[in-house]
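Structure first, commentary second.
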Amino acid sequence: MSQFTVQPLLDTGTVRVRDVVCGGQCRHRSDEECTSATHLVFPYRGVFVRHVGRSDAVAEANQLLFFNEAEAYQISHPVAGGDACLDLVIEDAQLQELVPKEQLRAGAAVAFRRLRRRIDPRAQAVVALLRHSLSRKIAETLEAETLALTLVRRSLGERTSHAAGATPGSQKLVDRAKLVLSSDLSRRWTLADIAAEVGVSPVYLTQMFHQVEAVPLYRYHLRLRLARALDLLGRYDNLTTLGMDLGFSSHSHFSSAFRQVYGRTPAEFQRSIKPR
């Protein structure tokens, strides 16, 4: 489809990595489609919603989405701006080794039980490192394959990921809050603003969000903004401007938050993705 741009980054037989960008023209549900292999999709920019039967999953930079082979789905973009994702396909035998058995459906084919898992900040950093290093051709094949398998292993680990456990009603409420946050990452939201958009009280919103996502709402929002920073670090020379554009009050505020989450400063990460 013309609204998609697909850039192949790596294909070794064991691992296939692509950078997929969608313009988001399809605001309502698309026609049904399916994939010919099981894909692990890491959104890193923008937001979309994936519909599988009666289940929906909001896809944004804190999530890993599972596209099972031959499973029909639809896509919609309730928030303007489109999206971009790092798409991984792991050879079936290797994926079987990587995935904890309790996350898979019974049967011969590799198929995930859930639509998504929440990933931790270190996994987000590996997504950015893998994408930047491949697109700039500074990663050797062996290094890139190792990074890709490390990313999958970390994203599926019980200590480094989280499968939402909630009633359909509370999950829909939290998903609405995620769409509100994603509509303007640089805005300095208040609880009252978000709660009014969602249609509940601020107290109820914070309780439900923490119950479903296992992290406070403010921290989830911070991780979305910092994930956007990971995406943009290759384009900005002035890191102070980048921090201000993402709603941080100063360079020191941005740098401190980034280091606390990813273990290094924005400048240090930026140097790691430059040609050696």
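Following the order of the structure tokens, chains are lettered A, B, ..., residues in each are numbered from 1, and ligands are numbered from 1.
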
Distance query Phe42 of chain A at most 10 Å, only C-alpha atoms, self and fewer than 4 positions along chain excluded, as JSON, numbers by chain: {"A": [19, 20, 59, 60, 61, 62, 63, 64, 65, 66, 84, 85, 86, 87, 88, 116, 119, 123, 124, 127, 155]}

Write a file of the selected residues as a PDB file, in the first residue's frame, keeping N, CA, C and O atoms.
```
ATOM      1  N   ASP A  19      12.455  -1.734   8.851  1.00  0.00           N
ATOM      2  CA  ASP A  19      11.942  -0.487   9.404  1.00  0.00           C
ATOM      3  C   ASP A  19      10.679  -0.139   8.610  1.00  0.00           C
ATOM      4  O   ASP A  19      10.753   0.084   7.399  1.00  0.00           O
ATOM      5  N   VAL A  20       9.528  -0.129   9.282  1.00  0.00           N
ATOM      6  CA  VAL A  20       8.253   0.062   8.598  1.00  0.00           C
ATOM      7  C   VAL A  20       7.626   1.371   9.072  1.00  0.00           C
ATOM      8  O   VAL A  20       7.385   1.565  10.271  1.00  0.00           O
ATOM      9  N   ALA A  59      -0.843   0.339  20.174  1.00  0.00           N
ATOM     10  CA  ALA A  59       0.570   0.125  19.871  1.00  0.00           C
ATOM     11  C   ALA A  59       1.318   1.440  19.980  1.00  0.00           C
ATOM     12  O   ALA A  59       1.060   2.371  19.216  1.00  0.00           O
ATOM     13  N   GLU A  60       2.227   1.532  20.941  1.00  0.00           N
ATOM     14  CA  GLU A  60       3.089   2.696  21.094  1.00  0.00           C
ATOM     15  C   GLU A  60       4.422   2.223  21.640  1.00  0.00           C
ATOM     16  O   GLU A  60       4.644   1.025  21.776  1.00  0.00           O
ATOM     17  N   ALA A  61       5.320   3.151  21.926  1.00  0.00           N
ATOM     18  CA  ALA A  61       6.722   2.793  22.135  1.00  0.00           C
ATOM     19  C   ALA A  61       7.009   2.015  23.414  1.00  0.00           C
ATOM     20  O   ALA A  61       8.125   1.526  23.595  1.00  0.00           O
ATOM     21  N   ASN A  62       6.028   1.863  24.291  1.00  0.00           N
ATOM     22  CA  ASN A  62       6.221   1.046  25.488  1.00  0.00           C
ATOM     23  C   ASN A  62       5.806  -0.403  25.272  1.00  0.00           C
ATOM     24  O   ASN A  62       5.856  -1.202  26.212  1.00  0.00           O
ATOM     25  N   GLN A  63       5.379  -0.740  24.060  1.00  0.00           N
ATOM     26  CA  GLN A  63       4.783  -2.052  23.817  1.00  0.00           C
ATOM     27  C   GLN A  63       5.527  -2.838  22.732  1.00  0.00           C
ATOM     28  O   GLN A  63       6.135  -2.261  21.822  1.00  0.00           O
ATOM     29  N   LEU A  64       5.435  -4.160  22.841  1.00  0.00           N
ATOM     30  CA  LEU A  64       5.794  -5.093  21.771  1.00  0.00           C
ATOM     31  C   LEU A  64       4.494  -5.738  21.302  1.00  0.00           C
ATOM     32  O   LEU A  64       3.716  -6.242  22.120  1.00  0.00           O
ATOM     33  N   LEU A  65       4.253  -5.721  19.992  1.00  0.00           N
ATOM     34  CA  LEU A  65       3.046  -6.308  19.409  1.00  0.00           C
ATOM     35  C   LEU A  65       3.399  -7.632  18.728  1.00  0.00           C
ATOM     36  O   LEU A  65       4.426  -7.737  18.061  1.00  0.00           O
ATOM     37  N   PHE A  66       2.508  -8.627  18.893  1.00  0.00           N
ATOM     38  CA  PHE A  66       2.695  -9.927  18.250  1.00  0.00           C
ATOM     39  C   PHE A  66       1.713 -10.073  17.092  1.00  0.00           C
ATOM     40  O   PHE A  66       0.499  -9.996  17.285  1.00  0.00           O
ATOM     41  N   ALA A  84       5.755   4.454  13.168  1.00  0.00           N
ATOM     42  CA  ALA A  84       6.929   3.761  12.648  1.00  0.00           C
ATOM     43  C   ALA A  84       7.278   2.641  13.615  1.00  0.00           C
ATOM     44  O   ALA A  84       7.180   2.799  14.833  1.00  0.00           O
ATOM     45  N   CYS A  85       7.695   1.497  13.052  1.00  0.00           N
ATOM     46  CA  CYS A  85       7.963   0.306  13.860  1.00  0.00           C
ATOM     47  C   CYS A  85       9.209  -0.411  13.350  1.00  0.00           C
ATOM     48  O   CYS A  85       9.496  -0.407  12.154  1.00  0.00           O
ATOM     49  N   LEU A  86       9.903  -1.052  14.276  1.00  0.00           N
ATOM     50  CA  LEU A  86      10.946  -1.995  13.921  1.00  0.00           C
ATOM     51  C   LEU A  86      10.312  -3.372  13.912  1.00  0.00           C
ATOM     52  O   LEU A  86       9.758  -3.817  14.918  1.00  0.00           O
ATOM     53  N   ASP A  87      10.373  -4.037  12.770  1.00  0.00           N
ATOM     54  CA  ASP A  87       9.685  -5.312  12.564  1.00  0.00           C
ATOM     55  C   ASP A  87      10.705  -6.449  12.522  1.00  0.00           C
ATOM     56  O   ASP A  87      11.628  -6.419  11.702  1.00  0.00           O
ATOM     57  N   LEU A  88      10.531  -7.443  13.385  1.00  0.00           N
ATOM     58  CA  LEU A  88      11.461  -8.573  13.453  1.00  0.00           C
ATOM     59  C   LEU A  88      10.734  -9.871  13.135  1.00  0.00           C
ATOM     60  O   LEU A  88       9.625 -10.115  13.619  1.00  0.00           O
ATOM     61  N   ARG A 116       0.079  -8.395  22.962  1.00  0.00           N
ATOM     62  CA  ARG A 116       1.173  -7.465  23.250  1.00  0.00           C
ATOM     63  C   ARG A 116       1.796  -7.765  24.598  1.00  0.00           C
ATOM     64  O   ARG A 116       1.222  -8.477  25.427  1.00  0.00           O
ATOM     65  N   ILE A 119       7.286  -3.538  27.319  1.00  0.00           N
ATOM     66  CA  ILE A 119       8.717  -3.743  27.436  1.00  0.00           C
ATOM     67  C   ILE A 119       9.324  -2.692  28.365  1.00  0.00           C
ATOM     68  O   ILE A 119       8.718  -1.654  28.627  1.00  0.00           O
ATOM     69  N   ALA A 123      14.999  -2.398  26.835  1.00  0.00           N
ATOM     70  CA  ALA A 123      14.587  -2.969  25.549  1.00  0.00           C
ATOM     71  C   ALA A 123      14.355  -1.856  24.526  1.00  0.00           C
ATOM     72  O   ALA A 123      14.724  -1.988  23.349  1.00  0.00           O
ATOM     73  N   GLN A 124      13.755  -0.743  24.956  1.00  0.00           N
ATOM     74  CA  GLN A 124      13.572   0.399  24.053  1.00  0.00           C
ATOM     75  C   GLN A 124      14.919   0.893  23.523  1.00  0.00           C
ATOM     76  O   GLN A 124      15.051   1.239  22.343  1.00  0.00           O
ATOM     77  N   VAL A 127      16.147  -1.383  20.828  1.00  0.00           N
ATOM     78  CA  VAL A 127      15.413  -1.110  19.588  1.00  0.00           C
ATOM     79  C   VAL A 127      16.076   0.047  18.838  1.00  0.00           C
ATOM     80  O   VAL A 127      16.344  -0.033  17.630  1.00  0.00           O
ATOM     81  N   SER A 155      12.632  -8.712  25.803  1.00  0.00           N
ATOM     82  CA  SER A 155      11.238  -8.284  25.674  1.00  0.00           C
ATOM     83  C   SER A 155      10.237  -9.347  26.115  1.00  0.00           C
ATOM     84  O   SER A 155       9.088  -9.039  26.386  1.00  0.00           O
TER      85      SER A 155
END
```

Shell of 8 Å around segment 25-38 of chain A, only C-alpha atoms, local chain residues under 3 positions omitted, as a PyMOL selection string: chain A and resi 3+66-80+82+89+110-111

Could you write out the selected residues, including N, CA, C and O atoms, as a short mmCIF file (atom, residue, chain, number, x, y, z; two decimals), in the first residue's frame?
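Output contents, as saved in part-v3.cif:
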```cif
data_model
loop_
_atom_site.label_atom_id
_atom_site.label_comp_id
_atom_site.auth_asym_id
_atom_site.auth_seq_id
_atom_site.Cartn_x
_atom_site.Cartn_y
_atom_site.Cartn_z
N GLN A 3 0.74 4.04 1.50
CA GLN A 3 0.97 4.75 2.75
C GLN A 3 2.11 4.13 3.55
O GLN A 3 2.52 4.68 4.57
N PHE A 66 2.51 -8.63 18.89
CA PHE A 66 2.69 -9.93 18.25
C PHE A 66 1.71 -10.07 17.09
O PHE A 66 0.50 -10.00 17.29
N PHE A 67 2.24 -10.28 15.89
CA PHE A 67 1.42 -10.53 14.71
C PHE A 67 1.60 -12.00 14.36
O PHE A 67 2.60 -12.38 13.72
N ASN A 68 0.67 -12.84 14.80
CA ASN A 68 0.79 -14.27 14.56
C ASN A 68 0.55 -14.62 13.09
O ASN A 68 -0.27 -13.98 12.41
N GLU A 69 1.24 -15.63 12.64
CA GLU A 69 1.09 -16.10 11.26
C GLU A 69 -0.36 -16.45 10.97
O GLU A 69 -1.02 -17.15 11.75
N ALA A 70 -0.89 -15.93 9.84
CA ALA A 70 -2.23 -16.25 9.34
C ALA A 70 -3.36 -15.80 10.25
O ALA A 70 -4.50 -16.21 10.07
N GLU A 71 -3.08 -14.91 11.20
CA GLU A 71 -4.12 -14.41 12.10
C GLU A 71 -4.66 -13.08 11.56
O GLU A 71 -3.92 -12.11 11.41
N ALA A 72 -5.94 -13.04 11.26
CA ALA A 72 -6.54 -11.85 10.65
C ALA A 72 -6.57 -10.69 11.64
O ALA A 72 -6.83 -10.86 12.82
N TYR A 73 -6.28 -9.49 11.12
CA TYR A 73 -6.30 -8.30 11.98
C TYR A 73 -6.65 -7.08 11.13
O TYR A 73 -6.62 -7.12 9.89
N GLN A 74 -6.99 -5.99 11.81
CA GLN A 74 -7.22 -4.69 11.18
C GLN A 74 -6.42 -3.64 11.94
O GLN A 74 -6.09 -3.84 13.12
N ILE A 75 -6.14 -2.52 11.29
CA ILE A 75 -5.38 -1.43 11.89
C ILE A 75 -6.18 -0.14 11.77
O ILE A 75 -6.83 0.11 10.74
N SER A 76 -6.12 0.69 12.82
CA SER A 76 -6.70 2.03 12.73
C SER A 76 -5.75 3.03 13.38
O SER A 76 -4.88 2.65 14.18
N HIS A 77 -5.90 4.30 13.01
CA HIS A 77 -5.06 5.37 13.53
C HIS A 77 -5.95 6.47 14.12
O HIS A 77 -6.21 7.49 13.48
N PRO A 78 -6.42 6.29 15.36
CA PRO A 78 -7.28 7.31 15.97
C PRO A 78 -6.55 8.61 16.27
O PRO A 78 -7.19 9.65 16.44
N VAL A 79 -5.23 8.57 16.34
CA VAL A 79 -4.42 9.77 16.54
C VAL A 79 -3.65 10.05 15.26
O VAL A 79 -3.00 9.16 14.71
N ALA A 80 -3.72 11.29 14.78
CA ALA A 80 -3.05 11.64 13.52
C ALA A 80 -1.53 11.57 13.66
O ALA A 80 -0.99 11.65 14.76
N GLY A 82 0.51 9.07 11.95
CA GLY A 82 1.09 7.83 11.49
C GLY A 82 1.95 7.17 12.55
O GLY A 82 1.88 7.50 13.73
N VAL A 89 11.37 -10.69 12.32
CA VAL A 89 10.93 -12.07 12.09
C VAL A 89 12.11 -12.97 12.45
O VAL A 89 13.19 -12.84 11.87
N VAL A 110 4.27 -21.44 15.88
CA VAL A 110 4.61 -20.47 16.92
C VAL A 110 3.57 -19.36 16.89
O VAL A 110 3.51 -18.57 15.94
N ALA A 111 2.73 -19.30 17.92
CA ALA A 111 1.68 -18.29 18.00
C ALA A 111 1.55 -17.83 19.45
O ALA A 111 1.47 -18.66 20.36
#
```

Nearby residues (only C-alpha atoms) at most 9 Å from segment 260-266 of chain A, same-chain spacing under 2 positions excluded, as a list of chain:residue names: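 Counting only the stated atoms, we get A:Pro121, A:Arg122, A:Gln124, A:Ala125, A:Arg223, A:Leu226, A:Ala229, A:Leu230, A:Leu233, A:Leu239, A:Phe254, A:Ser255, A:Ser256, A:Ala257, A:Phe258, A:Glu268, A:Phe269, A:Gln270, A:Arg271.
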
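Relative to atom CA of Asp11 of chain A, atom CA of Glu145 of chain A is found at 9.2 Å.
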
Per-residue DSSP, segment 49-201 of chain A, filtered to strand (DSSP E or B), as an mmCIF file with N, CA, C and O atoms, in the first residue's frame:
```cif
data_model
loop_
_atom_site.group_PDB
_atom_site.id
_atom_site.type_symbol
_atom_site.label_atom_id
_atom_site.label_comp_id
_atom_site.auth_asym_id
_atom_site.auth_seq_id
_atom_site.Cartn_x
_atom_site.Cartn_y
_atom_site.Cartn_z
ATOM 1 N N VAL A 49 -3.809 1.402 16.548
ATOM 2 C CA VAL A 49 -4.560 0.378 17.271
ATOM 3 C C VAL A 49 -4.693 -0.841 16.367
ATOM 4 O O VAL A 49 -5.044 -0.719 15.192
ATOM 5 N N ARG A 50 -4.392 -2.005 16.931
ATOM 6 C CA ARG A 50 -4.533 -3.265 16.201
ATOM 7 C C ARG A 50 -5.754 -3.986 16.728
ATOM 8 O O ARG A 50 -5.930 -4.151 17.935
ATOM 9 N N HIS A 51 -6.613 -4.426 15.808
ATOM 10 C CA HIS A 51 -7.870 -5.088 16.160
ATOM 11 C C HIS A 51 -7.798 -6.542 15.703
ATOM 12 O O HIS A 51 -7.595 -6.820 14.520
ATOM 13 N N VAL A 52 -7.961 -7.457 16.643
ATOM 14 C CA VAL A 52 -7.982 -8.895 16.340
ATOM 15 C C VAL A 52 -9.265 -9.458 16.933
ATOM 16 O O VAL A 52 -9.393 -9.579 18.158
ATOM 17 N N SER A 55 -10.783 -8.129 20.287
ATOM 18 C CA SER A 55 -9.722 -7.586 21.127
ATOM 19 C C SER A 55 -8.970 -6.474 20.400
ATOM 20 O O SER A 55 -8.740 -6.557 19.190
ATOM 21 N N ASP A 56 -8.583 -5.440 21.167
ATOM 22 C CA ASP A 56 -7.824 -4.319 20.618
ATOM 23 C C ASP A 56 -6.524 -4.156 21.400
ATOM 24 O O ASP A 56 -6.449 -4.478 22.590
ATOM 25 N N ALA A 57 -5.505 -3.632 20.733
ATOM 26 C CA ALA A 57 -4.235 -3.349 21.388
ATOM 27 C C ALA A 57 -3.710 -2.007 20.892
ATOM 28 O O ALA A 57 -3.538 -1.817 19.684
ATOM 29 N N VAL A 58 -3.488 -1.083 21.817
ATOM 30 C CA VAL A 58 -2.879 0.193 21.467
ATOM 31 C C VAL A 58 -1.371 -0.016 21.326
ATOM 32 O O VAL A 58 -0.714 -0.499 22.237
ATOM 33 N N ALA A 59 -0.843 0.339 20.174
ATOM 34 C CA ALA A 59 0.570 0.125 19.871
ATOM 35 C C ALA A 59 1.318 1.440 19.980
ATOM 36 O O ALA A 59 1.060 2.371 19.216
ATOM 37 N N GLN A 63 5.379 -0.740 24.060
ATOM 38 C CA GLN A 63 4.783 -2.052 23.817
ATOM 39 C C GLN A 63 5.527 -2.838 22.732
ATOM 40 O O GLN A 63 6.135 -2.261 21.822
ATOM 41 N N LEU A 64 5.435 -4.160 22.841
ATOM 42 C CA LEU A 64 5.794 -5.093 21.771
ATOM 43 C C LEU A 64 4.494 -5.738 21.302
ATOM 44 O O LEU A 64 3.716 -6.242 22.120
ATOM 45 N N LEU A 65 4.253 -5.721 19.992
ATOM 46 C CA LEU A 65 3.046 -6.308 19.409
ATOM 47 C C LEU A 65 3.399 -7.632 18.728
ATOM 48 O O LEU A 65 4.426 -7.737 18.061
ATOM 49 N N PHE A 66 2.508 -8.627 18.893
ATOM 50 C CA PHE A 66 2.695 -9.927 18.250
ATOM 51 C C PHE A 66 1.713 -10.073 17.092
ATOM 52 O O PHE A 66 0.499 -9.996 17.285
ATOM 53 N N PHE A 67 2.243 -10.279 15.889
ATOM 54 C CA PHE A 67 1.421 -10.530 14.708
ATOM 55 C C PHE A 67 1.603 -12.004 14.356
ATOM 56 O O PHE A 67 2.600 -12.383 13.724
ATOM 57 N N GLU A 69 1.243 -15.631 12.635
ATOM 58 C CA GLU A 69 1.090 -16.095 11.259
ATOM 59 C C GLU A 69 -0.365 -16.453 10.967
ATOM 60 O O GLU A 69 -1.022 -17.150 11.748
ATOM 61 N N TYR A 73 -6.283 -9.492 11.123
ATOM 62 C CA TYR A 73 -6.301 -8.296 11.976
ATOM 63 C C TYR A 73 -6.651 -7.080 11.129
ATOM 64 O O TYR A 73 -6.616 -7.116 9.889
ATOM 65 N N GLN A 74 -6.989 -5.992 11.812
ATOM 66 C CA GLN A 74 -7.221 -4.692 11.184
ATOM 67 C C GLN A 74 -6.422 -3.644 11.944
ATOM 68 O O GLN A 74 -6.085 -3.836 13.119
ATOM 69 N N ILE A 75 -6.145 -2.525 11.287
ATOM 70 C CA ILE A 75 -5.380 -1.429 11.886
ATOM 71 C C ILE A 75 -6.184 -0.136 11.767
ATOM 72 O O ILE A 75 -6.829 0.108 10.744
ATOM 73 N N SER A 76 -6.123 0.687 12.820
ATOM 74 C CA SER A 76 -6.704 2.025 12.734
ATOM 75 C C SER A 76 -5.749 3.028 13.378
ATOM 76 O O SER A 76 -4.884 2.653 14.178
ATOM 77 N N ASP A 83 2.758 6.209 12.140
ATOM 78 C CA ASP A 83 3.582 5.472 13.088
ATOM 79 C C ASP A 83 4.803 4.907 12.378
ATOM 80 O O ASP A 83 4.866 4.879 11.148
ATOM 81 N N ALA A 84 5.755 4.454 13.168
ATOM 82 C CA ALA A 84 6.929 3.761 12.648
ATOM 83 C C ALA A 84 7.278 2.641 13.615
ATOM 84 O O ALA A 84 7.180 2.799 14.833
ATOM 85 N N CYS A 85 7.695 1.497 13.052
ATOM 86 C CA CYS A 85 7.963 0.306 13.860
ATOM 87 C C CYS A 85 9.209 -0.411 13.350
ATOM 88 O O CYS A 85 9.496 -0.407 12.154
ATOM 89 N N LEU A 86 9.903 -1.052 14.276
ATOM 90 C CA LEU A 86 10.946 -1.995 13.921
ATOM 91 C C LEU A 86 10.312 -3.372 13.912
ATOM 92 O O LEU A 86 9.758 -3.817 14.918
ATOM 93 N N ASP A 87 10.373 -4.037 12.770
ATOM 94 C CA ASP A 87 9.685 -5.312 12.564
ATOM 95 C C ASP A 87 10.705 -6.449 12.522
ATOM 96 O O ASP A 87 11.628 -6.419 11.702
ATOM 97 N N LEU A 88 10.531 -7.443 13.385
ATOM 98 C CA LEU A 88 11.461 -8.573 13.453
ATOM 99 C C LEU A 88 10.734 -9.871 13.135
ATOM 100 O O LEU A 88 9.625 -10.115 13.619
ATOM 101 N N VAL A 89 11.374 -10.695 12.323
ATOM 102 C CA VAL A 89 10.932 -12.069 12.089
ATOM 103 C C VAL A 89 12.106 -12.975 12.448
ATOM 104 O O VAL A 89 13.190 -12.840 11.874
ATOM 105 N N ILE A 90 11.885 -13.864 13.412
ATOM 106 C CA ILE A 90 12.917 -14.796 13.858
ATOM 107 C C ILE A 90 12.576 -16.182 13.326
ATOM 108 O O ILE A 90 11.411 -16.596 13.382
ATOM 109 N N LEU A 104 2.961 -19.051 24.687
ATOM 110 C CA LEU A 104 2.558 -19.558 23.374
ATOM 111 C C LEU A 104 1.272 -20.364 23.454
ATOM 112 O O LEU A 104 0.968 -20.990 24.474
ATOM 113 N N PHE A 112 1.537 -16.525 19.644
ATOM 114 C CA PHE A 112 1.476 -15.959 20.984
ATOM 115 C C PHE A 112 0.039 -15.908 21.495
ATOM 116 O O PHE A 112 -0.903 -15.671 20.729
ATOM 117 N N ARG A 116 0.079 -8.395 22.962
ATOM 118 C CA ARG A 116 1.173 -7.465 23.250
ATOM 119 C C ARG A 116 1.796 -7.765 24.598
ATOM 120 O O ARG A 116 1.222 -8.477 25.427
ATOM 121 N N ARG A 117 2.966 -7.182 24.819
ATOM 122 C CA ARG A 117 3.605 -7.137 26.127
ATOM 123 C C ARG A 117 4.237 -5.762 26.277
ATOM 124 O O ARG A 117 4.721 -5.180 25.297
ATOM 125 N N ARG A 118 4.234 -5.256 27.508
ATOM 126 C CA ARG A 118 4.942 -4.002 27.763
ATOM 127 C C ARG A 118 6.412 -4.305 27.982
ATOM 128 O O ARG A 118 6.753 -5.224 28.710
ATOM 129 N N ILE A 119 7.286 -3.538 27.319
ATOM 130 C CA ILE A 119 8.717 -3.743 27.436
ATOM 131 C C ILE A 119 9.324 -2.692 28.365
ATOM 132 O O ILE A 119 8.718 -1.654 28.627
ATOM 133 N N SER A 161 9.481 -7.511 31.152
ATOM 134 C CA SER A 161 8.282 -7.198 30.382
ATOM 135 C C SER A 161 7.070 -7.436 31.276
ATOM 136 O O SER A 161 7.185 -7.961 32.375
ATOM 137 N N HIS A 162 5.911 -7.031 30.776
ATOM 138 C CA HIS A 162 4.703 -7.149 31.589
ATOM 139 C C HIS A 162 3.524 -7.407 30.675
ATOM 140 O O HIS A 162 3.284 -6.660 29.727
#
```

Helix (DSSP H, G or I) residues, from DSSP on the backbone, in segment 48-195 of chain A, as a ChimeraX atom specification: /A:92-98,101-103,121-135,141-156,168-182,191-195

Separation of atom CA of Gly157 of chain A from atom CA of Phe209 of chain A in Å: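 For atom CA of Phe209 of chain A relative to atom CA of Gly157 of chain A, the distance reads 21.7 Å.
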
Top pick for closest residue to Thr150 of chain A, considering A:Ala177, A:Ile138, A:Ala166, A:Leu129 and counting only C-alpha atoms: A:Leu129

Write out as an mmCIF file with C-alpha atoms, in the first residue's frame each polymer residue whose atoms come within 6 Å of Leu9 of chain A, counting only C-alpha atoms; drop sequence neighbours fewer than 2 positions from it.
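Result went into selection.cif, see below:
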```
data_model
loop_
_atom_site.group_PDB
_atom_site.id
_atom_site.type_symbol
_atom_site.label_atom_id
_atom_site.label_comp_id
_atom_site.auth_asym_id
_atom_site.auth_seq_id
_atom_site.Cartn_x
_atom_site.Cartn_y
_atom_site.Cartn_z
ATOM 1 C CA VAL A 17 14.722 -6.823 10.451
ATOM 2 C CA ARG A 18 12.754 -4.117 8.671
ATOM 3 C CA LEU A 134 21.685 -0.903 10.819
#
```

Separation of atom CA of Gly13 of chain A from atom CA of Val152 of chain A, in Å and rounded to one decimal: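 Taking atom CA of Gly13 of chain A and atom CA of Val152 of chain A, their separation equals 16.0 Å.
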